[in-house]
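For reference, the structure is listed below as structure tokens.
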Amino acid sequence: MRLTRYTDLALRAVMRLAVVDGEELLTTRQIADSMNVPYTHMAKAIAQLQHLGVIEARRGRNGGLTLTDAGRRTGVGDLVRTLEGDREAVACEGDAPCPLSSACRLRRALREAQEAFYSSLNEVTVADLVTSPTGPLLLTLSASPG
């Protein structure tokens with residue numbers, strides 16, 4: 001299974017936020033810069049993560065983003081499933097429906113494989129993603145362009 005760029009950016013954002021100390025707040029711009037991605041793309045991912053309750057945004061001069069406790073405990077599989085939209089691996093319907101759809105076993109096999117993928121990812125939380133060596137490496141990334 002291949003993740004969309006959007007999901008990749010969202011996962012990088014939560015990983016970056018998972019390693020900052022509780023007093024430090026990062027902005028969307030700082031996260032985008034540290035991950036070397038366009039601000040507008042990161043802003044869309046941040047907005048979705050905020051809507052999901054994974055991150056919290058504080059407004060104002062000393063504002064910024066923090067990972068919520070729920071976000072830290074979130075299973076990666078659930079997060080990926082939500083961000084990806086839980087769509088099927090193959091498109092059997094549509095403009096040119098597959099002629100095998102009434103008797104095909106592939107669709108079911110792929111769906112079961114997809115469920116196994118999400119299930120195995122749920123054994124890992126966002127907090128688990130930033131244990132060594134990942135966490136220390138994330139801390140070396142500049143939070144602002146340098």
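Here, A, B, ... name the chains of the structure tokens in the order displayed, residue numbers run from 1 inside each chain, and ligands are numbered from 1 in the same displayed order.
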Practice problem: Determine, counting only C-alpha atoms, which protein, DNA and RNA residues have an atom within 6 Å of an atom of region 41-56 of chain A; residues of the same chain fewer than 4 positions away are not included. Present the result as a list in words. | Solution: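 Close residues of region 41-56 of chain A: Ala10, Ala32, Leu65, Thr66, Leu67, Thr68 and Gly71 of chain A.
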Dump N, CA and C atoms for the selected residues as an mmCIF file, in the first residue's frame?
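Written out: again.cif:
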```cif
data_model
loop_
_atom_site.group_PDB
_atom_site.id
_atom_site.type_symbol
_atom_site.label_atom_id
_atom_site.label_comp_id
_atom_site.auth_asym_id
_atom_site.auth_seq_id
_atom_site.Cartn_x
_atom_site.Cartn_y
_atom_site.Cartn_z
ATOM 1 N N ALA A 10 1.318 14.713 7.155
ATOM 2 C CA ALA A 10 0.639 14.718 8.450
ATOM 3 C C ALA A 10 1.417 13.873 9.462
ATOM 4 N N ALA A 32 6.898 23.054 8.545
ATOM 5 C CA ALA A 32 7.087 22.914 7.096
ATOM 6 C C ALA A 32 8.547 23.131 6.715
ATOM 7 N N LEU A 65 1.691 25.196 17.918
ATOM 8 C CA LEU A 65 1.051 23.882 17.870
ATOM 9 C C LEU A 65 1.651 22.942 18.908
ATOM 10 N N THR A 66 0.796 22.101 19.465
ATOM 11 C CA THR A 66 1.258 21.039 20.362
ATOM 12 C C THR A 66 0.509 19.767 20.020
ATOM 13 N N LEU A 67 1.149 18.657 20.290
ATOM 14 C CA LEU A 67 0.521 17.356 20.134
ATOM 15 C C LEU A 67 -0.311 17.102 21.379
ATOM 16 N N THR A 68 -1.557 16.699 21.212
ATOM 17 C CA THR A 68 -2.406 16.411 22.361
ATOM 18 C C THR A 68 -2.018 15.060 22.960
ATOM 19 N N GLY A 71 -3.428 12.518 20.830
ATOM 20 C CA GLY A 71 -2.611 12.390 19.623
ATOM 21 C C GLY A 71 -1.385 11.535 19.857
#
```
Practice problem: May I ask which of the residues A:Met15, A:Arg107, A:Val130, A:Thr27 is the closest one to Glu93 (chain A), counting only C-alpha atoms? | Solution: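 Of A:Met15, A:Arg107, A:Val130, A:Thr27, the one nearest Glu93 (chain A) is A:Arg107, counting only C-alpha atoms.
In this model, the gap between CA of Thr140 (chain A) and CA of Val126 (chain A) comes to 18.7 Å.
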Self-check item: Every residue of chain A that DSSP places in helix (DSSP H, G or I), as JSON, numbers by chain
Solution: {"A": [5, 6, 7, 8, 9, 10, 11, 12, 13, 14, 15, 16, 17, 18, 28, 29, 30, 31, 32, 33, 34, 35, 39, 40, 41, 42, 43, 44, 45, 46, 47, 48, 49, 50, 51, 69, 70, 71, 72, 73, 76, 77, 78, 79, 80, 81, 82, 83, 84, 106, 107, 108, 109, 110, 111, 112, 113, 114, 115, 116, 117, 118, 119, 120, 121, 126, 127, 128, 129, 134, 135, 136, 137, 138, 139, 140]}
Applying 8 Å and only C-alpha atoms, which residues near Thr125 (chain A) remain after dropping the ones on its own chain fewer than 6 positions away? List them as a CSV table (one decimal) with N, CA and C atoms, in the first residue's frame.
```csv
chain,number,residue,atom,x,y,z
A,72,ARG,N,-0.8,11.7,21.0
A,72,ARG,CA,0.4,10.9,21.3
A,72,ARG,C,0.1,9.4,21.5
A,73,ARG,N,-1.1,9.1,21.9
A,73,ARG,CA,-1.5,7.7,22.1
A,73,ARG,C,-2.2,7.1,20.9
A,74,THR,N,-2.5,7.9,19.9
A,74,THR,CA,-3.2,7.5,18.7
A,74,THR,C,-2.4,6.3,18.0
A,75,GLY,N,-3.2,5.3,17.6
A,75,GLY,CA,-2.6,4.2,16.8
A,75,GLY,C,-2.3,4.8,15.4
A,76,VAL,N,-1.2,4.5,14.9
A,76,VAL,CA,-0.8,4.9,13.6
A,76,VAL,C,-1.8,4.4,12.5
```
Practice problem: Could you give me, as a ChimeraX atom specification, the residues within 12 Å of Gly77 (chain A), counting only C-alpha atoms and dropping anything in the same chain fewer than 5 positions from it? | Solution: /A:3,7,11,82-86,114-126
N, CA, C and O atoms of the current selection, written as a JSON list (two decimals), in the first residue's frame:
```json
[["chain", "number", "residue", "atom", "x", "y", "z"],
["A", 3, "LEU", "N", 1.08, 5.33, 0.65],
["A", 3, "LEU", "CA", 0.40, 6.45, 1.29],
["A", 3, "LEU", "C", 0.46, 7.69, 0.40],
["A", 3, "LEU", "O", 1.43, 7.89, -0.33],
["A", 7, "THR", "N", -0.87, 12.27, 3.66],
["A", 7, "THR", "CA", -0.72, 11.45, 4.86],
["A", 7, "THR", "C", 0.73, 11.47, 5.34],
["A", 7, "THR", "O", 0.99, 11.58, 6.54],
["A", 11, "LEU", "N", 1.90, 12.72, 9.05],
["A", 11, "LEU", "CA", 2.68, 11.87, 9.95],
["A", 11, "LEU", "C", 3.99, 12.54, 10.35],
["A", 11, "LEU", "O", 4.41, 12.48, 11.51],
["A", 82, "THR", "N", -7.80, 7.23, 8.64],
["A", 82, "THR", "CA", -8.58, 8.46, 8.60],
["A", 82, "THR", "C", -8.04, 9.42, 7.55],
["A", 82, "THR", "O", -8.80, 9.99, 6.76],
["A", 83, "LEU", "N", -6.73, 9.60, 7.54],
["A", 83, "LEU", "CA", -6.12, 10.53, 6.58],
["A", 83, "LEU", "C", -6.25, 10.05, 5.14],
["A", 83, "LEU", "O", -6.43, 10.86, 4.22],
["A", 84, "GLU", "N", -6.17, 8.76, 4.94],
["A", 84, "GLU", "CA", -6.27, 8.20, 3.59],
["A", 84, "GLU", "C", -7.72, 8.10, 3.11],
["A", 84, "GLU", "O", -7.97, 7.88, 1.93],
["A", 85, "GLY", "N", -8.68, 8.21, 4.03],
["A", 85, "GLY", "CA", -10.08, 8.15, 3.63],
["A", 85, "GLY", "C", -10.61, 6.73, 3.54],
["A", 85, "GLY", "O", -11.70, 6.52, 3.04],
["A", 86, "ASP", "N", -9.86, 5.75, 3.98],
["A", 86, "ASP", "CA", -10.30, 4.36, 4.01],
["A", 86, "ASP", "C", -10.86, 3.91, 2.66],
["A", 86, "ASP", "O", -11.83, 3.18, 2.58],
["A", 114, "GLN", "N", -5.48, -4.89, 3.28],
["A", 114, "GLN", "CA", -5.51, -3.51, 3.74],
["A", 114, "GLN", "C", -5.85, -3.45, 5.23],
["A", 114, "GLN", "O", -5.22, -2.70, 5.99],
["A", 115, "GLU", "N", -6.81, -4.25, 5.65],
["A", 115, "GLU", "CA", -7.18, -4.30, 7.07],
["A", 115, "GLU", "C", -6.01, -4.81, 7.91],
["A", 115, "GLU", "O", -5.76, -4.32, 9.02],
["A", 116, "ALA", "N", -5.28, -5.79, 7.41],
["A", 116, "ALA", "CA", -4.11, -6.31, 8.12],
["A", 116, "ALA", "C", -3.03, -5.22, 8.23],
["A", 116, "ALA", "O", -2.35, -5.10, 9.25],
["A", 117, "PHE", "N", -2.90, -4.43, 7.18],
["A", 117, "PHE", "CA", -1.94, -3.32, 7.17],
["A", 117, "PHE", "C", -2.29, -2.33, 8.28],
["A", 117, "PHE", "O", -1.43, -1.97, 9.09],
["A", 118, "TYR", "N", -3.54, -1.89, 8.33],
["A", 118, "TYR", "CA", -3.97, -0.94, 9.36],
["A", 118, "TYR", "C", -3.82, -1.55, 10.75],
["A", 118, "TYR", "O", -3.39, -0.89, 11.70],
["A", 119, "SER", "N", -4.19, -2.80, 10.89],
["A", 119, "SER", "CA", -4.10, -3.48, 12.18],
["A", 119, "SER", "C", -2.66, -3.54, 12.67],
["A", 119, "SER", "O", -2.38, -3.29, 13.85],
["A", 120, "SER", "N", -1.74, -3.88, 11.79],
["A", 120, "SER", "CA", -0.34, -3.95, 12.21],
["A", 120, "SER", "C", 0.20, -2.56, 12.57],
["A", 120, "SER", "O", 0.99, -2.42, 13.50],
["A", 121, "LEU", "N", -0.25, -1.54, 11.86],
["A", 121, "LEU", "CA", 0.17, -0.17, 12.19],
["A", 121, "LEU", "C", -0.42, 0.28, 13.52],
["A", 121, "LEU", "O", 0.16, 1.14, 14.19],
["A", 122, "ASN", "N", -1.56, -0.25, 13.92],
["A", 122, "ASN", "CA", -2.16, 0.14, 15.19],
["A", 122, "ASN", "C", -1.40, -0.39, 16.39],
["A", 122, "ASN", "O", -1.66, 0.02, 17.52],
["A", 123, "GLU", "N", -0.46, -1.28, 16.17],
["A", 123, "GLU", "CA", 0.39, -1.74, 17.26],
["A", 123, "GLU", "C", 1.45, -0.69, 17.61],
["A", 123, "GLU", "O", 2.16, -0.82, 18.59],
["A", 124, "VAL", "N", 1.51, 0.36, 16.79],
["A", 124, "VAL", "CA", 2.47, 1.44, 16.98],
["A", 124, "VAL", "C", 1.69, 2.73, 17.22],
["A", 124, "VAL", "O", 0.76, 3.05, 16.49],
["A", 125, "THR", "N", 2.08, 3.47, 18.27],
["A", 125, "THR", "CA", 1.46, 4.77, 18.54],
["A", 125, "THR", "C", 2.36, 5.87, 17.98],
["A", 125, "THR", "O", 3.54, 5.62, 17.64],
["A", 126, "VAL", "N", 1.83, 7.08, 17.96],
["A", 126, "VAL", "CA", 2.63, 8.22, 17.54],
["A", 126, "VAL", "C", 3.85, 8.35, 18.45],
["A", 126, "VAL", "O", 4.97, 8.59, 17.98]]
```
Practice problem: Return the single residue from A:Leu9, A:Cys104, A:Leu26, A:Met1 that is closest to Arg59 (chain A), with distances computed using only C-alpha atoms. | Solution: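 Closest to Arg59 (chain A), using only C-alpha atoms: A:Leu26.
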Quiz item: Residues of region 22-146 of chain A in strand (DSSP E or B) according to DSSP, as a count of residues only?
Solution: 11
